[in-house]
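Pasting structure05.txt here (compact mmCIF, C-alpha atoms):
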# COMPACT_ATOMS: atom_id res chain seq x y z
CA MET I 1 0.00 0.00 0.00
CA VAL I 2 1.24 3.48 -0.85
CA TYR I 3 0.70 6.56 1.30
CA ILE I 4 1.43 10.12 0.13
CA ASP I 5 1.28 13.34 2.15
CA GLU I 6 1.71 16.79 0.63
CA ASN I 7 0.99 18.68 3.87
CA ILE I 8 4.38 18.92 5.51
CA TRP I 9 3.60 22.34 6.99
CA ASP I 10 0.21 21.35 8.46
CA PHE I 11 1.37 19.82 11.74
CA ASP I 12 3.02 21.04 14.90
CA LEU I 13 6.63 19.91 14.56
CA GLN I 14 7.40 19.97 18.30
CA GLN I 15 4.34 17.89 19.09
CA ALA I 16 5.14 15.46 16.26
CA LEU I 17 8.70 15.05 17.55
CA GLU I 18 7.25 13.88 20.87
CA GLN I 19 5.05 11.28 19.16
CA VAL I 20 7.78 9.48 17.21
CA SER I 21 10.42 7.07 18.46
CA ALA I 22 13.48 8.52 20.19
CA GLN I 23 15.55 7.01 17.37
CA ARG I 24 13.60 8.91 14.69
CA ARG I 25 13.50 12.13 16.73
CA GLU I 26 17.28 12.08 17.07
CA TYR I 27 17.65 11.39 13.35
CA ALA I 28 15.28 14.22 12.37
CA LEU I 29 17.02 16.73 14.63
CA ARG I 30 20.32 16.11 12.84
CA TYR I 31 18.88 18.17 9.99
CA ARG I 32 19.62 21.88 10.36
CA HIS I 33 16.66 23.18 8.37
CA GLU I 34 13.07 22.92 9.54
CA ARG I 35 11.84 21.77 6.10
CA ASP I 36 14.16 18.75 6.23
CA GLN I 37 13.11 17.95 9.79
CA ARG I 38 9.48 18.14 8.74
CA LEU I 39 10.04 15.89 5.71
CA CYS I 40 11.79 13.32 7.89
CA ILE I 41 9.04 13.34 10.51
CA ALA I 42 6.20 13.43 7.97
CA ALA I 43 7.55 10.34 6.20
CA TYR I 44 7.88 8.51 9.51
CA ARG I 45 4.35 9.54 10.50
CA LEU I 46 3.12 8.01 7.25
CA LEU I 47 4.85 4.78 8.21
CA MET I 48 3.18 4.88 11.63
CA ARG I 49 -0.19 5.44 9.95
CA ALA I 50 0.40 2.61 7.48
CA MET I 51 1.42 0.19 10.22
CA LYS I 52 -1.72 1.00 12.18
CA LEU I 53 -4.08 0.76 9.21
CA GLU I 54 -2.49 -2.24 7.49
CA TYR I 55 -1.29 -4.28 10.46
CA GLY I 56 -3.02 -2.89 13.57
CA ILE I 57 0.32 -1.86 15.10
CA ASP I 58 0.10 1.26 17.28
CA GLU I 59 3.67 1.52 18.52
CA ALA I 60 6.23 3.87 16.98
CA PRO I 61 8.51 1.60 14.95
CA GLU I 62 12.25 1.36 15.47
CA PHE I 63 14.67 0.55 12.72
CA ILE I 64 17.53 -1.89 12.42
CA TYR I 65 19.77 -1.95 9.37
CA ASP I 66 20.97 -4.73 7.10
CA GLU I 67 24.54 -5.07 5.81
CA ASN I 68 23.80 -2.57 2.99
CA GLY I 69 22.34 0.00 5.39
CA LYS I 70 18.76 -0.67 4.33
CA PRO I 71 16.34 0.01 7.21
CA LEU I 72 14.16 -2.82 8.49
CA LEU I 73 11.44 -2.79 11.13
CA LYS I 74 12.74 -4.07 14.45
CA GLY I 75 10.53 -6.92 15.61
CA TYR I 76 8.57 -7.16 12.35
CA PRO I 77 10.69 -9.07 9.83
CA ASP I 78 7.70 -9.84 7.59
CA ILE I 79 6.67 -6.21 7.11
CA HIS I 80 8.62 -4.39 4.41
CA PHE I 81 8.61 -0.63 3.94
CA SER I 82 10.24 2.21 2.08
CA LEU I 83 10.21 5.96 2.72
CA SER I 84 10.99 8.86 0.41
CA HIS I 85 10.52 12.60 0.24
CA CYS I 86 10.98 15.55 -2.05
CA HIS I 87 10.22 19.24 -1.53
CA GLU I 88 6.57 18.74 -2.46
CA ALA I 89 5.56 15.57 -0.60
CA VAL I 90 6.53 12.48 1.39
CA ALA I 91 5.84 8.88 0.43
CA CYS I 92 5.65 5.57 2.25
CA ALA I 93 5.13 2.07 0.86
CA VAL I 94 4.42 -0.95 3.06
CA SER I 95 4.05 -4.52 1.92
CA ASP I 96 4.33 -8.17 2.89
CA HIS I 97 7.18 -8.49 0.38
CA PRO I 98 10.20 -6.30 -0.47
CA VAL I 99 9.25 -2.86 -1.74
CA GLY I 100 10.96 0.38 -2.68
CA ILE I 101 9.54 3.83 -3.33
CA ASP I 102 11.02 7.05 -4.61
CA ILE I 103 9.33 10.43 -4.99
CA GLU I 104 10.92 13.34 -6.81
CA THR I 105 9.90 16.85 -7.73
CA THR I 106 9.53 17.29 -11.46
CA GLU I 107 12.01 20.02 -12.31
CA HIS I 108 14.28 20.99 -15.14
CA TYR I 109 16.90 18.33 -15.63
CA SER I 110 20.54 18.64 -16.62
CA ILE I 111 21.77 16.67 -19.62
CA GLU I 112 25.17 16.46 -17.92
CA VAL I 113 23.63 14.73 -14.92
CA ALA I 114 21.55 12.51 -17.20
CA ARG I 115 24.69 11.34 -19.01
CA ARG I 116 26.20 10.26 -15.69
CA VAL I 117 23.20 8.28 -14.45
CA MET I 118 21.40 7.10 -17.60
CA ASN I 119 22.44 4.69 -20.34
CA ASP I 120 22.42 5.57 -24.04
CA ASP I 121 18.90 4.22 -24.65
CA GLU I 122 17.55 6.19 -21.71
CA ILE I 123 19.27 9.36 -22.94
CA ARG I 124 17.65 8.90 -26.36
CA GLN I 125 14.28 8.37 -24.69
CA ILE I 126 14.69 11.57 -22.64
CA GLU I 127 15.84 13.66 -25.60
CA ALA I 128 12.97 12.39 -27.79
CA SER I 129 10.38 13.21 -25.15
CA ALA I 130 8.05 16.20 -25.40
CA GLN I 131 8.63 16.60 -21.65
CA PRO I 132 12.24 15.55 -21.05
CA GLU I 133 12.16 16.55 -17.36
CA VAL I 134 9.20 14.21 -16.80
CA THR I 135 10.85 11.33 -18.66
CA PHE I 136 14.12 11.86 -16.76
CA THR I 137 12.26 11.92 -13.42
CA GLN I 138 10.29 8.78 -14.33
CA LEU I 139 13.50 6.89 -15.11
CA TRP I 140 15.28 8.27 -12.04
CA THR I 141 12.45 7.26 -9.67
CA LYS I 142 12.50 3.75 -11.18
CA LYS I 143 16.22 3.46 -10.46
CA GLU I 144 15.93 4.85 -6.95
CA SER I 145 12.93 2.68 -6.07
CA LEU I 146 14.84 -0.40 -7.28
CA PHE I 147 17.85 0.62 -5.19
CA LYS I 148 15.61 1.12 -2.14
CA LEU I 149 14.07 -2.32 -2.65
CA THR I 150 17.33 -4.22 -3.09
CA GLY I 151 19.83 -2.04 -1.25
CA ASP I 152 22.20 -2.90 -4.10
CA ASP I 153 23.60 -0.07 -6.24
CA LEU I 154 25.15 -2.47 -8.78
CA ASP I 155 28.61 -1.29 -7.81
CA GLY I 156 27.71 2.32 -8.48
CA ASN I 157 26.66 1.67 -12.08
CA THR I 158 23.46 3.70 -11.98
CA ALA I 159 23.30 3.94 -15.76
CA GLN I 160 22.80 0.18 -16.08
CA MET I 161 20.50 -0.35 -13.07
CA LEU I 162 17.37 -1.12 -15.07
CA ASP I 163 19.05 -3.46 -17.54
CA LYS I 164 18.39 -6.48 -15.33
CA ALA I 165 15.14 -5.35 -13.74
CA ASP I 166 12.89 -7.94 -15.40
CA ASN I 167 12.12 -9.57 -12.05
CA TYR I 168 10.64 -6.37 -10.68
CA ARG I 169 7.37 -4.55 -11.20
CA PHE I 170 7.33 -0.74 -11.39
CA GLU I 171 4.29 1.46 -10.90
CA THR I 172 4.82 5.13 -11.66
CA VAL I 173 2.39 7.92 -10.83
CA ILE I 174 2.79 11.33 -12.43
CA HIS I 175 1.43 14.18 -10.36
CA PRO I 176 1.60 17.80 -11.59
CA ARG I 177 4.36 18.64 -9.04
CA TYR I 178 6.08 15.30 -8.48
CA ILE I 179 6.47 11.74 -9.72
CA TYR I 180 6.74 8.61 -7.64
CA THR I 181 7.56 5.03 -8.51
CA VAL I 182 6.97 1.92 -6.46
CA CYS I 183 9.17 -1.09 -7.16
CA SER I 184 8.20 -4.56 -6.00
CA THR I 185 9.12 -8.10 -6.79
CA THR I 186 7.07 -9.75 -9.54
CA THR I 187 6.59 -12.72 -7.23
CA PRO I 188 6.07 -11.93 -3.52
CA ASP I 189 8.18 -14.85 -2.29
CA LYS I 190 11.33 -13.87 -4.18
CA LYS I 191 14.31 -13.59 -1.82
CA HIS I 192 17.03 -10.91 -2.06
Mind converting the file's structure to structure tokens?
Amino acid sequence: MVYIDENIWDFDLQQALEQVSAQRREYALRYRHERDQRLCIAAYRLLMRAMKLEYGIDEAPEFIYDENGKPLLKGYPDIHFSLSHCHEAVACAVSDHPVGIDIETTEHYSIEVARRVMNDDEIRQIEASAQPEVTFTQLWTKKESLFKLTGDDLDGNTAQMLDKADNYRFETVIHPRYIYTVCSTTTPDKKH
């Protein structure tokens, strides 16, 4: 299930900091700017909401991390989640199988950046698009959501990330201000 929240300024930050785990509060307060603190807390609050609605869990979750640094829910090994945020919104995906989500603001893209992170076919696709910034963001969110699902950056070869993505399902939603992609396994019992 996917949860999106665009209202990062519509809650009392101090009150929200008291409602999250000490681990998340400490993490959020490492950010210097209020916007970043709010994004961090808003994404976590989405996770709390998802856990309550999907699994009936009321407690504020704590994270543990695998060998790649991917966060997992302490005490709930069968619940998978992914968090993401951009300047416009926060996103959370929860599932009974591995999942990744990425949300990005749709902005002007740089061809120089695209050449570093996209392969030749993807560059052609972007350049042929009537909306190259949308096409770039779609491709980027696919790559990021795959990375968040697997925790594997293919040895830093971002340009080739999607070449072997046949075993994954991508669902992309285009909103006027942002794009998000959810990546999941094509078969729920696939192990990573």
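The residue set within 9 Å of Asp78 of chain I, counting only C-alpha atoms and dropping same-chain residues fewer than 4 places from it, reads Leu73, Ser95, Asp96 and His97 of chain I.
With atom CA of Ser21 of chain I on one side and atom CA of Ile41 of chain I on the other, the separation reads 10.2 Å.
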Original post:
What gap, in Å, lies between atom CA of His87 of chain I and atom CA of Thr105 of chain I?
Top reply: 6.7 Å
**OP:** One decimal, Å: what's the distance from atom CA of His175 of chain I over to atom CA of Cys86 of chain I, could you say?
**Re:**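 It comes out at 12.7 Å.
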Might you pull out every residue within 6 Å of segment 132-145 of chain I, with all atoms listed in the file counted and same-chain residues fewer than 4 positions away left off, and present them as a PDB file with C-alpha atoms, in the coordinates of the input?
ATOM      1  CA  GLY I 100      10.960   0.380  -2.680  1.00  0.00           C
ATOM      2  CA  ILE I 101       9.540   3.830  -3.330  1.00  0.00           C
ATOM      3  CA  ASP I 102      11.020   7.050  -4.610  1.00  0.00           C
ATOM      4  CA  HIS I 108      14.280  20.990 -15.140  1.00  0.00           C
ATOM      5  CA  TYR I 109      16.900  18.330 -15.630  1.00  0.00           C
ATOM      6  CA  ILE I 126      14.690  11.570 -22.640  1.00  0.00           C
ATOM      7  CA  THR I 181       7.560   5.030  -8.510  1.00  0.00           C
ATOM      8  CA  CYS I 183       9.170  -1.090  -7.160  1.00  0.00           C
TER       9      CYS I 183
END
Original post:
With all atoms listed in the file as the atoms that count, which of I:Leu47, I:Gln23, I:Val94, I:Glu18 lies nearest to Ile64 of chain I?
Top reply: I:Gln23
**OP:** Write out as an NGL selection string which residues come within 10 Å of Glu122 of chain I when counting all atoms listed in the file, dropping same-chain ones fewer than 3 positions away.
**Re:** :I and (114-115 or 117-119 or 125-128 or 135-136 or 139 or 159-160 or 162)
**OP:** For each of I:Val173, I:Leu146, I:Leu29, I:Met1, take the minimum atom-to-atom distance to Leu53 of chain I, counting only C-alpha atoms, then give the residue where this is smallest.
**Re:**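 Smallest separation from Leu53 of chain I among the options: I:Met1.
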Original post:
I:Arg24, I:Arg169, I:Arg45, I:Arg124: which is nearest Glu62 of chain I, counting only C-alpha atoms?
Top reply: I:Arg24
Subject >> Residue contacts of Tyr31 of chain I (9 Å, all atoms listed in the file) excluding same-chain residues fewer than 5 positions away, as a PyMOL selection string >> reply: chain I and resi 36-37+40
Subject >> Of the listed residues I:Gln14, I:Thr158, I:Thr150, I:Thr185, that which approaches Phe170 of chain I most closely, counting all atoms listed in the file >> reply: I:Thr185
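With distances restricted to all atoms listed in the file, I:Arg38 is the closest residue to Asn7 of chain I from I:Arg38, I:Asp121, I:Tyr180, I:Arg30.
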